[in-house]
>>> print(open('protein_24.cif').read())   # mmCIF, C-alpha atoms
data_model
loop_
_atom_site.label_atom_id
_atom_site.label_comp_id
_atom_site.auth_asym_id
_atom_site.auth_seq_id
_atom_site.Cartn_x
_atom_site.Cartn_y
_atom_site.Cartn_z
CA MET A 1 9.91 -13.58 -20.67
CA ALA A 2 7.51 -10.99 -19.22
CA ASN A 3 5.29 -11.56 -16.23
CA PRO A 4 1.74 -12.80 -16.81
CA VAL A 5 -1.20 -10.68 -15.72
CA ASN A 6 -2.53 -11.80 -12.35
CA ASN A 7 -6.23 -12.53 -12.79
CA SER A 8 -6.54 -14.48 -9.55
CA SER A 9 -8.64 -11.88 -7.72
CA PRO A 10 -11.34 -9.37 -8.75
CA ILE A 11 -10.08 -5.93 -9.72
CA PRO A 12 -11.26 -3.45 -7.08
CA VAL A 13 -13.36 -0.51 -8.22
CA SER A 14 -10.67 1.59 -6.56
CA GLY A 15 -7.33 0.69 -5.02
CA ALA A 16 -7.60 3.63 -2.61
CA TRP A 17 -7.17 3.39 1.14
CA PHE A 18 -10.47 4.14 2.88
CA PRO A 19 -11.26 5.04 6.52
CA GLY A 20 -11.92 1.79 8.32
CA ASP A 21 -9.11 0.03 6.46
CA HIS A 22 -6.11 -0.96 8.55
CA PRO A 23 -3.93 2.18 8.94
CA GLY A 24 -0.67 0.30 8.61
CA CYS A 25 2.17 2.68 9.45
CA ARG A 26 0.18 5.79 8.53
CA LYS A 27 -0.35 8.74 10.79
CA PHE A 28 -2.97 11.37 10.06
CA ALA A 29 -2.92 15.15 10.47
CA ASP A 30 -6.06 17.28 10.28
CA ILE A 31 -4.83 20.55 8.79
CA GLY A 32 -8.28 22.14 8.42
CA ASP A 33 -9.54 24.08 5.42
CA LEU A 34 -7.09 24.79 2.61
CA THR A 35 -7.56 27.67 0.18
CA LEU A 36 -6.31 26.55 -3.21
CA GLU A 37 -4.65 28.72 -5.84
CA SER A 38 -7.94 28.68 -7.73
CA GLY A 39 -9.65 30.36 -4.76
CA VAL A 40 -11.65 27.22 -3.97
CA VAL A 41 -11.62 26.26 -0.29
CA LEU A 42 -11.03 22.53 0.22
CA PRO A 43 -12.56 21.75 3.61
CA ASP A 44 -11.30 19.51 6.40
CA VAL A 45 -8.09 18.39 4.73
CA VAL A 46 -6.34 15.34 6.15
CA ILE A 47 -2.72 14.48 5.35
CA ALA A 48 -1.60 10.88 5.72
CA TYR A 49 2.10 10.54 6.43
CA GLU A 50 4.72 8.24 7.90
CA THR A 51 7.71 9.06 10.03
CA TYR A 52 10.92 7.18 10.67
CA GLY A 53 13.53 7.94 13.30
CA VAL A 54 13.52 10.43 16.17
CA PHE A 55 13.30 14.21 15.82
CA ASN A 56 16.01 16.17 17.64
CA GLY A 57 15.09 19.63 16.35
CA ALA A 58 17.64 19.79 13.55
CA ASN A 59 17.58 16.45 11.73
CA ALA A 60 14.32 16.46 9.77
CA VAL A 61 14.29 15.14 6.19
CA LEU A 62 11.28 15.48 3.90
CA VAL A 63 10.91 12.74 1.26
CA GLN A 64 8.51 13.43 -1.61
CA HIS A 65 7.09 10.45 -3.49
CA ALA A 66 6.66 10.09 -7.25
CA MET A 67 3.33 9.91 -9.10
CA THR A 68 1.92 6.59 -7.88
CA GLY A 69 4.04 6.35 -4.75
CA ASP A 70 2.82 7.08 -1.24
CA SER A 71 4.03 7.59 2.31
CA HIS A 72 5.22 3.98 2.72
CA VAL A 73 8.84 4.56 1.81
CA HIS A 74 10.25 1.84 4.08
CA GLY A 75 8.78 -1.33 5.54
CA SER A 76 7.13 -4.56 4.58
CA ALA A 77 3.92 -5.13 2.71
CA GLY A 78 1.13 -6.19 5.03
CA GLU A 79 -2.02 -4.88 6.64
CA GLY A 80 -2.65 -1.38 5.32
CA HIS A 81 0.14 -1.59 2.72
CA ARG A 82 -0.28 -3.58 -0.48
CA THR A 83 3.40 -3.24 -1.36
CA GLN A 84 6.66 -2.90 0.53
CA GLY A 85 8.38 0.45 0.91
CA TRP A 86 9.17 2.01 -2.45
CA TRP A 87 12.69 3.23 -1.48
CA GLU A 88 13.91 0.44 0.79
CA ASP A 89 17.50 0.76 -0.44
CA MET A 90 17.61 4.50 0.24
CA VAL A 91 15.67 5.10 3.47
CA GLY A 92 16.06 3.10 6.67
CA PRO A 93 18.54 2.19 9.40
CA GLY A 94 22.04 2.36 7.97
CA MET A 95 20.75 3.42 4.55
CA PRO A 96 21.90 6.62 2.75
CA ILE A 97 19.00 8.48 4.41
CA ASP A 98 19.76 6.89 7.74
CA THR A 99 16.74 6.74 10.05
CA ASP A 100 19.07 6.09 12.98
CA ARG A 101 20.35 9.65 12.44
CA TYR A 102 17.55 11.52 10.72
CA PHE A 103 13.86 12.07 11.35
CA VAL A 104 12.27 11.26 8.01
CA VAL A 105 8.78 12.49 7.13
CA VAL A 106 6.96 11.17 4.06
CA PRO A 107 3.53 12.64 3.30
CA ASN A 108 1.05 11.21 0.82
CA ALA A 109 0.49 14.02 -1.69
CA LEU A 110 -2.72 16.06 -1.62
CA GLY A 111 -5.09 14.52 -4.16
CA GLY A 112 -3.63 11.06 -3.59
CA CYS A 113 -5.46 7.93 -2.57
CA GLN A 114 -3.56 6.50 0.37
CA GLY A 115 -5.12 8.40 3.25
CA THR A 116 -4.61 12.04 2.24
CA THR A 117 -7.67 13.99 1.11
CA GLY A 118 -8.38 13.23 -2.53
CA PRO A 119 -11.21 12.29 -4.90
CA SER A 120 -11.94 9.03 -3.07
CA SER A 121 -12.31 10.86 0.27
CA SER A 122 -15.67 11.84 1.70
CA ALA A 123 -16.93 15.31 0.82
CA PRO A 124 -18.97 17.29 3.42
CA ASP A 125 -22.14 15.53 2.23
CA GLY A 126 -20.66 12.14 3.16
CA ARG A 127 -20.28 10.92 -0.41
CA PRO A 128 -16.91 10.51 -2.16
CA TRP A 129 -15.76 13.68 -3.88
CA GLY A 130 -15.43 11.90 -7.22
CA ARG A 131 -15.87 14.31 -10.13
CA ARG A 132 -16.49 17.21 -7.72
CA PHE A 133 -12.94 17.21 -6.37
CA PRO A 134 -11.28 20.51 -7.28
CA ARG A 135 -8.30 20.79 -9.57
CA LEU A 136 -5.00 21.15 -7.76
CA THR A 137 -1.64 22.70 -8.54
CA THR A 138 1.77 21.62 -7.32
CA ARG A 139 1.78 24.70 -5.11
CA ASP A 140 -1.48 23.58 -3.48
CA GLN A 141 0.16 20.29 -2.61
CA VAL A 142 3.15 22.05 -1.08
CA ALA A 143 0.85 24.40 0.85
CA ALA A 144 -0.77 21.35 2.46
CA GLU A 145 2.67 19.99 3.37
CA VAL A 146 3.68 23.35 4.85
CA ALA A 147 0.64 23.10 7.14
CA LEU A 148 1.69 19.57 8.13
CA THR A 149 5.25 20.75 8.78
CA LYS A 150 4.09 23.50 11.11
CA GLN A 151 1.78 21.09 12.92
CA LEU A 152 4.73 18.75 13.49
CA GLY A 153 6.71 21.63 15.00
CA ILE A 154 9.41 21.54 12.32
CA ASP A 155 10.92 24.90 11.32
CA SER A 156 13.85 23.59 9.26
CA TRP A 157 14.30 20.73 6.81
CA ARG A 158 17.85 19.42 6.69
CA LEU A 159 16.98 18.01 3.28
CA VAL A 160 13.99 18.04 0.96
CA ILE A 161 14.38 15.27 -1.59
CA GLY A 162 12.14 13.81 -4.25
CA PRO A 163 12.24 12.00 -7.58
CA SER A 164 10.06 12.72 -10.61
CA MET A 165 6.78 14.30 -9.40
CA GLY A 166 8.39 14.37 -5.96
CA GLY A 167 11.21 16.46 -7.42
CA ILE A 168 8.66 18.92 -8.75
CA ARG A 169 7.29 19.41 -5.24
CA ALA A 170 10.80 19.58 -3.80
CA LEU A 171 11.65 22.49 -6.11
CA GLU A 172 8.52 24.34 -5.05
CA TRP A 173 9.39 23.66 -1.42
CA ALA A 174 12.75 25.40 -1.89
CA ILE A 175 10.88 28.65 -2.63
CA ILE A 176 7.62 28.34 -0.71
CA GLY A 177 9.18 26.92 2.46
CA PRO A 178 11.37 29.94 3.25
CA GLU A 179 8.49 32.26 2.33
CA GLN A 180 6.48 30.47 5.03
CA GLY A 181 9.27 30.66 7.61
CA ILE A 182 10.50 27.09 7.10
CA GLU A 183 14.19 26.77 6.27
CA VAL A 184 15.30 24.37 3.53
CA VAL A 185 18.99 23.68 4.09
CA GLY A 186 19.48 21.05 1.41
CA LEU A 187 17.54 20.27 -1.75
CA ALA A 188 17.76 17.16 -3.93
CA PRO A 189 15.52 17.15 -7.03
CA LEU A 190 16.02 13.85 -8.83
CA ALA A 191 15.09 13.05 -12.45
CA THR A 192 12.71 16.00 -12.70
CA THR A 193 12.13 19.38 -14.34
CA ALA A 194 11.62 23.05 -13.48
CA VAL A 195 8.67 23.29 -15.88
CA THR A 196 6.49 20.62 -17.46
CA SER A 197 7.41 20.46 -21.15
CA ALA A 198 5.12 20.10 -24.16
CA ASP A 199 6.41 16.53 -24.59
CA GLN A 200 5.50 15.65 -21.00
CA ILE A 201 2.09 17.30 -21.39
CA ALA A 202 1.51 15.19 -24.49
CA TRP A 203 2.29 11.93 -22.67
CA ILE A 204 0.02 12.93 -19.78
CA HIS A 205 -2.78 13.93 -22.17
CA ALA A 206 -2.92 10.43 -23.62
CA GLN A 207 -3.04 8.89 -20.14
CA LEU A 208 -5.88 11.14 -18.99
CA GLY A 209 -7.80 10.33 -22.14
CA ALA A 210 -7.42 6.59 -21.57
CA ILE A 211 -9.18 6.88 -18.21
CA ARG A 212 -11.90 9.26 -19.36
CA ILE A 213 -13.01 7.09 -22.27
CA ASP A 214 -13.41 4.03 -20.04
CA ALA A 215 -17.15 3.37 -19.67
CA GLY A 216 -16.43 2.30 -16.08
CA TRP A 217 -15.22 5.78 -15.16
CA HIS A 218 -18.78 7.21 -15.13
CA GLY A 219 -17.48 10.77 -15.23
CA GLY A 220 -15.56 10.14 -12.01
CA ASP A 221 -18.47 8.78 -9.94
CA TYR A 222 -17.76 5.05 -9.78
CA TYR A 223 -17.12 4.32 -6.11
CA HIS A 224 -20.58 2.78 -5.64
CA LEU A 225 -19.93 0.15 -8.33
CA PRO A 226 -19.04 -3.46 -7.47
CA ASP A 227 -15.50 -4.70 -7.95
CA GLY A 228 -14.69 -5.40 -11.56
CA GLN A 229 -16.87 -2.59 -12.92
CA GLY A 230 -14.71 0.45 -12.26
CA PRO A 231 -12.37 2.24 -14.67
CA HIS A 232 -9.65 -0.38 -14.40
CA ARG A 233 -9.21 -0.78 -18.16
CA GLY A 234 -8.57 2.92 -18.65
CA LEU A 235 -6.32 3.19 -15.59
CA GLY A 236 -4.40 0.10 -16.67
CA LEU A 237 -3.87 1.53 -20.15
CA ALA A 238 -2.78 4.87 -18.69
CA ARG A 239 -0.19 3.03 -16.62
CA GLN A 240 1.06 1.17 -19.68
CA ILE A 241 1.54 4.47 -21.52
CA ALA A 242 3.35 5.94 -18.53
CA HIS A 243 5.49 2.87 -17.93
CA THR A 244 6.75 3.05 -21.50
CA THR A 245 8.25 6.44 -20.61
CA TYR A 246 9.65 5.14 -17.32
CA ARG A 247 11.93 2.65 -19.07
CA SER A 248 14.36 3.03 -21.95
CA GLU A 249 14.34 1.80 -25.54
CA ARG A 250 17.65 0.11 -24.81
CA GLU A 251 16.18 -1.96 -21.98
CA PHE A 252 13.17 -2.98 -24.05
CA ALA A 253 15.40 -3.99 -26.96
CA GLU A 254 17.79 -6.02 -24.82
CA ARG A 255 15.16 -7.55 -22.55
CA PHE A 256 12.33 -8.28 -24.98
CA GLY A 257 13.41 -7.68 -28.54
CA HIS A 258 10.82 -8.98 -31.02
CA ASN A 259 10.16 -12.08 -28.94
CA SER A 260 6.71 -13.47 -28.26
CA GLN A 261 5.42 -14.09 -24.79
CA ASP A 262 6.01 -17.67 -23.67
CA GLY A 263 3.26 -19.94 -24.97
CA GLU A 264 1.68 -17.23 -27.13
CA ASP A 265 1.75 -16.76 -30.91
CA PRO A 266 1.33 -13.12 -32.01
CA LEU A 267 0.35 -14.31 -35.48
CA ALA A 268 -2.62 -16.07 -33.86
CA GLY A 269 -3.62 -13.15 -31.63
CA GLY A 270 -1.10 -13.73 -28.87
CA ARG A 271 1.17 -11.11 -27.36
CA TYR A 272 4.77 -10.11 -27.74
CA ALA A 273 6.84 -10.27 -24.55
CA VAL A 274 6.91 -6.51 -24.08
CA GLN A 275 3.11 -6.38 -24.40
CA SER A 276 2.79 -8.96 -21.62
CA TYR A 277 5.17 -6.91 -19.49
CA LEU A 278 3.08 -3.75 -19.91
CA ASP A 279 -0.15 -5.68 -19.24
CA TYR A 280 1.37 -6.91 -15.98
CA HIS A 281 2.26 -3.41 -14.80
CA GLY A 282 -1.15 -2.04 -15.76
CA ASP A 283 -2.89 -4.80 -13.81
CA LYS A 284 -0.57 -4.30 -10.84
CA LEU A 285 -1.40 -0.59 -10.54
CA VAL A 286 -5.20 -0.89 -10.72
CA ARG A 287 -5.10 -3.08 -7.62
CA ARG A 288 -3.46 -0.39 -5.48
CA PHE A 289 -4.42 2.99 -6.97
CA ASP A 290 -7.43 5.14 -7.75
CA ALA A 291 -8.29 6.37 -11.25
CA ASN A 292 -9.51 9.78 -10.10
CA SER A 293 -6.34 10.36 -8.09
CA TYR A 294 -4.34 9.44 -11.15
CA LEU A 295 -6.17 12.20 -13.02
CA VAL A 296 -5.84 14.80 -10.25
CA LEU A 297 -2.13 14.18 -9.66
CA ASN A 298 -1.29 14.27 -13.36
CA GLU A 299 -3.32 17.44 -13.82
CA ALA A 300 -1.30 19.02 -11.00
CA VAL A 301 1.90 18.10 -12.85
CA LEU A 302 0.50 19.85 -15.94
CA THR A 303 0.40 23.11 -13.93
CA HIS A 304 4.05 22.88 -12.90
CA ASP A 305 6.07 25.93 -13.86
CA LEU A 306 8.50 27.05 -11.19
CA GLY A 307 8.75 30.44 -12.92
CA ARG A 308 5.02 31.18 -12.98
CA GLY A 309 4.52 34.54 -11.28
CA ARG A 310 8.21 34.67 -10.35
CA GLY A 311 9.67 36.27 -13.46
CA GLY A 312 10.36 33.04 -15.31
CA VAL A 313 12.23 29.81 -14.56
CA LYS A 314 15.69 31.39 -14.52
CA ALA A 315 14.63 34.00 -11.99
CA ALA A 316 12.83 31.42 -9.85
CA LEU A 317 15.82 29.08 -9.72
CA ALA A 318 18.02 32.02 -8.76
CA GLN A 319 15.80 32.60 -5.69
CA ILE A 320 16.66 29.21 -4.22
CA THR A 321 19.07 29.58 -1.30
CA ALA A 322 19.37 25.90 -0.37
CA ARG A 323 22.42 23.89 -1.26
CA ALA A 324 21.32 21.61 -4.06
CA LEU A 325 22.18 18.16 -5.36
CA VAL A 326 20.60 17.67 -8.80
CA VAL A 327 20.64 14.14 -10.23
CA THR A 328 19.58 12.85 -13.65
CA VAL A 329 19.48 9.44 -15.34
CA ASP A 330 21.42 9.32 -18.60
CA THR A 331 18.74 7.24 -20.39
CA ASP A 332 15.71 9.06 -18.99
CA ARG A 333 13.28 9.78 -21.83
CA LEU A 334 10.54 11.25 -19.62
CA TYR A 335 12.48 13.92 -17.69
CA LEU A 336 15.40 14.54 -19.99
CA PRO A 337 18.93 15.13 -18.67
CA SER A 338 18.85 18.57 -20.30
CA GLN A 339 16.04 19.55 -17.91
CA SER A 340 18.17 18.64 -14.91
CA THR A 341 21.09 20.49 -16.47
CA ARG A 342 18.93 23.63 -16.45
CA ILE A 343 18.08 23.17 -12.77
CA ALA A 344 21.69 22.59 -11.70
CA ALA A 345 22.90 25.57 -13.73
CA GLY A 346 20.21 27.86 -12.36
CA ILE A 347 20.42 27.25 -8.60
CA PRO A 348 23.22 29.46 -7.21
CA ASN A 349 24.39 26.96 -4.59
CA ALA A 350 24.04 23.75 -6.60
CA GLU A 351 26.72 21.14 -7.05
CA PRO A 352 27.64 20.16 -10.62
CA LEU A 353 24.97 17.94 -12.14
CA LYS A 354 25.32 14.28 -11.16
CA TYR A 355 24.46 11.39 -13.47
CA ILE A 356 23.12 7.91 -12.82
CA TYR A 357 24.20 5.63 -15.66
CA SER A 358 21.53 3.02 -16.21
CA PRO A 359 19.83 0.99 -18.93
CA TYR A 360 16.53 1.38 -17.07
CA GLY A 361 15.64 4.95 -18.01
CA HIS A 362 13.61 7.15 -15.67
CA ASP A 363 13.13 4.32 -13.16
CA GLY A 364 16.87 4.39 -12.53
CA PHE A 365 16.16 6.49 -9.42
CA LEU A 366 14.34 3.45 -7.99
CA ILE A 367 16.71 0.76 -9.23
CA GLU A 368 20.24 2.16 -9.10
CA ALA A 369 20.62 2.64 -5.35
CA ASP A 370 24.27 1.62 -5.61
CA GLN A 371 24.89 4.82 -7.58
CA LEU A 372 22.31 7.13 -6.05
CA GLY A 373 22.94 6.12 -2.44
CA PRO A 374 26.50 7.46 -2.16
CA LEU A 375 25.49 10.71 -3.86
CA VAL A 376 22.60 11.36 -1.49
CA GLY A 377 24.32 10.04 1.62
CA GLY A 378 27.45 12.09 0.98
CA PHE A 379 25.45 15.23 0.27
CA LEU A 380 23.36 14.83 3.40
CA ASP A 381 26.47 14.34 5.51
CA SER A 382 27.93 17.57 4.11
CA LEU A 383 24.96 19.77 5.07
#
>>> encode(input="protein_24.cif", output="structure tokens")
Amino acid sequence: MANPVNNSSPIPVSGAWFPGDHPGCRKFADIGDLTLESGVVLPDVVIAYETYGVFNGANAVLVQHAMTGDSHVHGSAGEGHRTQGWWEDMVGPGMPIDTDRYFVVVPNALGGCQGTTGPSSSAPDGRPWGRRFPRLTTRDQVAAEVALTKQLGIDSWRLVIGPSMGGIRALEWAIIGPEQGIEVVGLAPLATTAVTSADQIAWIHAQLGAIRIDAGWHGGDYYHLPDGQGPHRGLGLARQIAHTTYRSEREFAERFGHNSQDGEDPLAGGRYAVQSYLDYHGDKLVRRFDANSYLVLNEAVLTHDLGRGRGGVKAALAQITARALVVTVDTDRLYLPSQSTRIAAGIPNAEPLKYIYSPYGHDGFLIEADQLGPLVGGFLDSL
């Protein structure tokens, strides 16, 4: 049935990457002070990123990761990387985003926990930012990536692509990039939305609450605690809530039904198979992620409204000059197909909306490479 929770090692107080840890494939860019939309100046910002392929001046592709992703889009797990690349079937030599042809840049989002400045990073006083880390918006995250882009000497992205939260940043890039003198030729927002809906805010609200009521969170100042005493219960529960939205009712019904977990009797306090499955994914996340980053990144998603200050969503989408490939998953119950329909209909130079047909729901963008790959590869070739 479902996977058992791995209790073989202590749960770290934070799954963040810290200076002194093995860098793995990461590179680091010091972009200096960043003035946020709130007016707060975030000092000494560092962006962790990975690159694949060779830059020839006109072949740069920007890949934006989803909520708990990072810059490690391709490659093995090992020193510096707890998991293998999250898009192995899409990015790499001979893959749809072919690193033999394109120079691929993947930054870890501002506020993240895998090398980019975030709550687990050191503040000017030498202590982790913790609860003092300022609130971010999606536009703040893109502003940091604009600074990275300029530092890398890139003035044109052949393609900006991202799923889920990455699609949110990709949409902002299509407007902010040209305003900052950086061309966006192609745009591919996948399984995403132009504005965070009330339903999505509600799901996020429950996740944030799960972390904040954990006694191990300590108001965000927990980095000094020993392993096993951090906010892992709250973070694990938040992940379980989120993961429910990442998959479909159809998959749960077909895969788990009303079956008990092997060797457990729900009538005697044991778990059903789907409960074991969610426990496994909660435990898996707390070993590689940071609770405060989970809060900061989700709070940034709450701010997402492409039309804010631009005359509304319709007017904002109409400003986008890039050619666009918009993709949705037919069973997605987090970012509904109707939200992608709105994006595809609103961008002047967008192709007709493309569907991935999958029993897996929102996570179809990770799983259905056999469908997504030809769409992305063909679109990239046409730019």
>>> closest_residue(input="protein_24.cif", among="A:Gly311, A:Gly364, A:Gly220, A:Gly24", to="Tyr246 in chain A", atoms="only C-alpha atoms")
A:Gly364
>>> resolve_selection(input="protein_24.cif", expression="the PyMOL selection byres ((chain A and resi 19) around 12)", output="number ranges by chain")
A: 16-18, 20-24, 26, 28, 46, 48, 80, 113-117, 120-122, 128
>>> residues_around(input="protein_24.cif", residues="Pro352 in chain A", least_positions_apart="6", cutoff="10 Å", atoms="all atoms listed in the file", output="compact mmCIF listing (two decimals) with C-alpha atoms, keeping the file's coordinate frame")
# COMPACT_ATOMS: atom_id res chain seq x y z
CA ALA A 324 21.32 21.61 -4.06
CA LEU A 325 22.18 18.16 -5.36
CA VAL A 326 20.60 17.67 -8.80
CA VAL A 327 20.64 14.14 -10.23
CA THR A 341 21.09 20.49 -16.47
CA ALA A 344 21.69 22.59 -11.70
CA ALA A 345 22.90 25.57 -13.73
>>> resolve_selection(input="protein_24.cif", expression="the PyMOL selection byres ((chain A and resi 322) around 7)", output="list in words")
Ala174, Val184, Val185, Gly186, Leu187, Ile320, Thr321, Arg323, Ala324 and Asn349 of chain A
>>> residues_around(input="protein_24.cif", residues="Ile154 in chain A", least_positions_apart="5", cutoff="12 Å", atoms="all atoms listed in the file", output="ChimeraX atom specification")
/A:55-62,103-105,145-149,177,180-184
>>> write_last_selection(input="protein_24.cif", atoms="C-alpha atoms", output="PDB file, in the frame of the given file")
ATOM      1  CA  PHE A  55      13.300  14.210  15.820  1.00  0.00           C
ATOM      2  CA  ASN A  56      16.010  16.170  17.640  1.00  0.00           C
ATOM      3  CA  GLY A  57      15.090  19.630  16.350  1.00  0.00           C
ATOM      4  CA  ALA A  58      17.640  19.790  13.550  1.00  0.00           C
ATOM      5  CA  ASN A  59      17.580  16.450  11.730  1.00  0.00           C
ATOM      6  CA  ALA A  60      14.320  16.460   9.770  1.00  0.00           C
ATOM      7  CA  VAL A  61      14.290  15.140   6.190  1.00  0.00           C
ATOM      8  CA  LEU A  62      11.280  15.480   3.900  1.00  0.00           C
ATOM      9  CA  PHE A 103      13.860  12.070  11.350  1.00  0.00           C
ATOM     10  CA  VAL A 104      12.270  11.260   8.010  1.00  0.00           C
ATOM     11  CA  VAL A 105       8.780  12.490   7.130  1.00  0.00           C
ATOM     12  CA  GLU A 145       2.670  19.990   3.370  1.00  0.00           C
ATOM     13  CA  VAL A 146       3.680  23.350   4.850  1.00  0.00           C
ATOM     14  CA  ALA A 147       0.640  23.100   7.140  1.00  0.00           C
ATOM     15  CA  LEU A 148       1.690  19.570   8.130  1.00  0.00           C
ATOM     16  CA  THR A 149       5.250  20.750   8.780  1.00  0.00           C
ATOM     17  CA  GLY A 177       9.180  26.920   2.460  1.00  0.00           C
ATOM     18  CA  GLN A 180       6.480  30.470   5.030  1.00  0.00           C
ATOM     19  CA  GLY A 181       9.270  30.660   7.610  1.00  0.00           C
ATOM     20  CA  ILE A 182      10.500  27.090   7.100  1.00  0.00           C
ATOM     21  CA  GLU A 183      14.190  26.770   6.270  1.00  0.00           C
ATOM     22  CA  VAL A 184      15.300  24.370   3.530  1.00  0.00           C
TER      23      VAL A 184
END
>>> closest_residue(input="protein_24.cif", among="A:Leu302, A:Ile213, A:Leu334, A:Leu380", to="Tyr102 in chain A", atoms="only C-alpha atoms")
A:Leu380
>>> resolve_selection(input="protein_24.cif", expression="the PyMOL selection byres ((chain A and resi 215) around 10)", output="VMD selection string")
chain A and resid 211 to 214 216 to 219 229 to 234
>>> atom_distance(input="protein_24.cif", atom1="CA of Gly373 in chain A", atom2="CA of Gly167 in chain A")
16.4 Å
>>> residues_around(input="protein_24.cif", residues="range 272-285 of chain A", least_positions_apart="6", cutoff="12 Å", atoms="only C-alpha atoms", output="number ranges by chain")
A: 1-12, 14-16, 67-69, 82-83, 207, 231-247, 249, 251-266, 291, 294
>>> write_last_selection(input="protein_24.cif", atoms="C-alpha atoms", output="CSV table (one decimal), keeping the file's coordinate frame")
chain,number,residue,atom,x,y,z
A,1,MET,CA,9.9,-13.6,-20.7
A,2,ALA,CA,7.5,-11.0,-19.2
A,3,ASN,CA,5.3,-11.6,-16.2
A,4,PRO,CA,1.7,-12.8,-16.8
A,5,VAL,CA,-1.2,-10.7,-15.7
A,6,ASN,CA,-2.5,-11.8,-12.4
A,7,ASN,CA,-6.2,-12.5,-12.8
A,8,SER,CA,-6.5,-14.5,-9.6
A,9,SER,CA,-8.6,-11.9,-7.7
A,10,PRO,CA,-11.3,-9.4,-8.8
A,11,ILE,CA,-10.1,-5.9,-9.7
A,12,PRO,CA,-11.3,-3.4,-7.1
A,14,SER,CA,-10.7,1.6,-6.6
A,15,GLY,CA,-7.3,0.7,-5.0
A,16,ALA,CA,-7.6,3.6,-2.6
A,67,MET,CA,3.3,9.9,-9.1
A,68,THR,CA,1.9,6.6,-7.9
A,69,GLY,CA,4.0,6.4,-4.8
A,82,ARG,CA,-0.3,-3.6,-0.5
A,83,THR,CA,3.4,-3.2,-1.4
A,207,GLN,CA,-3.0,8.9,-20.1
A,231,PRO,CA,-12.4,2.2,-14.7
A,232,HIS,CA,-9.6,-0.4,-14.4
A,233,ARG,CA,-9.2,-0.8,-18.2
A,234,GLY,CA,-8.6,2.9,-18.6
A,235,LEU,CA,-6.3,3.2,-15.6
A,236,GLY,CA,-4.4,0.1,-16.7
A,237,LEU,CA,-3.9,1.5,-20.2
A,238,ALA,CA,-2.8,4.9,-18.7
A,239,ARG,CA,-0.2,3.0,-16.6
A,240,GLN,CA,1.1,1.2,-19.7
A,241,ILE,CA,1.5,4.5,-21.5
A,242,ALA,CA,3.4,5.9,-18.5
A,243,HIS,CA,5.5,2.9,-17.9
A,244,THR,CA,6.8,3.0,-21.5
A,245,THR,CA,8.2,6.4,-20.6
A,246,TYR,CA,9.6,5.1,-17.3
A,247,ARG,CA,11.9,2.6,-19.1
A,249,GLU,CA,14.3,1.8,-25.5
A,251,GLU,CA,16.2,-2.0,-22.0
A,252,PHE,CA,13.2,-3.0,-24.0
A,253,ALA,CA,15.4,-4.0,-27.0
A,254,GLU,CA,17.8,-6.0,-24.8
A,255,ARG,CA,15.2,-7.6,-22.6
A,256,PHE,CA,12.3,-8.3,-25.0
A,257,GLY,CA,13.4,-7.7,-28.5
A,258,HIS,CA,10.8,-9.0,-31.0
A,259,ASN,CA,10.2,-12.1,-28.9
A,260,SER,CA,6.7,-13.5,-28.3
A,261,GLN,CA,5.4,-14.1,-24.8
A,262,ASP,CA,6.0,-17.7,-23.7
A,263,GLY,CA,3.3,-19.9,-25.0
A,264,GLU,CA,1.7,-17.2,-27.1
A,265,ASP,CA,1.8,-16.8,-30.9
A,266,PRO,CA,1.3,-13.1,-32.0
A,291,ALA,CA,-8.3,6.4,-11.2
A,294,TYR,CA,-4.3,9.4,-11.2
>>> closest_residue(input="protein_24.cif", among="A:Asn108, A:Ser164, A:Ser197, A:Ser248", to="Thr331 in chain A", atoms="only C-alpha atoms")
A:Ser248
>>> atom_distance(input="protein_24.cif", atom1="CA of Phe133 in chain A", atom2="CA of Val286 in chain A")
20.2 Å
>>> closest_residue(input="protein_24.cif", among="A:Asp98, A:Glu179, A:Asp363, A:Asp140", to="His304 in chain A", atoms="only C-alpha atoms")
A:Asp140
>>> closest_residue(input="protein_24.cif", among="A:Pro359, A:Gly118, A:Gly307, A:Pro124", to="Gly346 in chain A", atoms="only C-alpha atoms")
A:Gly307
>>> atom_distance(input="protein_24.cif", atom1="CA of His65 in chain A", atom2="CA of Gly85 in chain A")
11.0 Å
>>> residues_around(input="protein_24.cif", residues="range 31-39 of chain A", least_positions_apart="5", cutoff="10 Å", atoms="all atoms listed in the file", output="PyMOL selection string")
chain A and resi 44-47+134-141+143-148+150-151
>>> write_last_selection(input="protein_24.cif", atoms="C-alpha atoms", output="mmCIF file, in the coordinates of the input")
data_model
loop_
_atom_site.group_PDB
_atom_site.id
_atom_site.type_symbol
_atom_site.label_atom_id
_atom_site.label_comp_id
_atom_site.auth_asym_id
_atom_site.auth_seq_id
_atom_site.Cartn_x
_atom_site.Cartn_y
_atom_site.Cartn_z
ATOM 1 C CA ASP A 44 -11.300 19.510 6.400
ATOM 2 C CA VAL A 45 -8.090 18.390 4.730
ATOM 3 C CA VAL A 46 -6.340 15.340 6.150
ATOM 4 C CA ILE A 47 -2.720 14.480 5.350
ATOM 5 C CA PRO A 134 -11.280 20.510 -7.280
ATOM 6 C CA ARG A 135 -8.300 20.790 -9.570
ATOM 7 C CA LEU A 136 -5.000 21.150 -7.760
ATOM 8 C CA THR A 137 -1.640 22.700 -8.540
ATOM 9 C CA THR A 138 1.770 21.620 -7.320
ATOM 10 C CA ARG A 139 1.780 24.700 -5.110
ATOM 11 C CA ASP A 140 -1.480 23.580 -3.480
ATOM 12 C CA GLN A 141 0.160 20.290 -2.610
ATOM 13 C CA ALA A 143 0.850 24.400 0.850
ATOM 14 C CA ALA A 144 -0.770 21.350 2.460
ATOM 15 C CA GLU A 145 2.670 19.990 3.370
ATOM 16 C CA VAL A 146 3.680 23.350 4.850
ATOM 17 C CA ALA A 147 0.640 23.100 7.140
ATOM 18 C CA LEU A 148 1.690 19.570 8.130
ATOM 19 C CA LYS A 150 4.090 23.500 11.110
ATOM 20 C CA GLN A 151 1.780 21.090 12.920
#
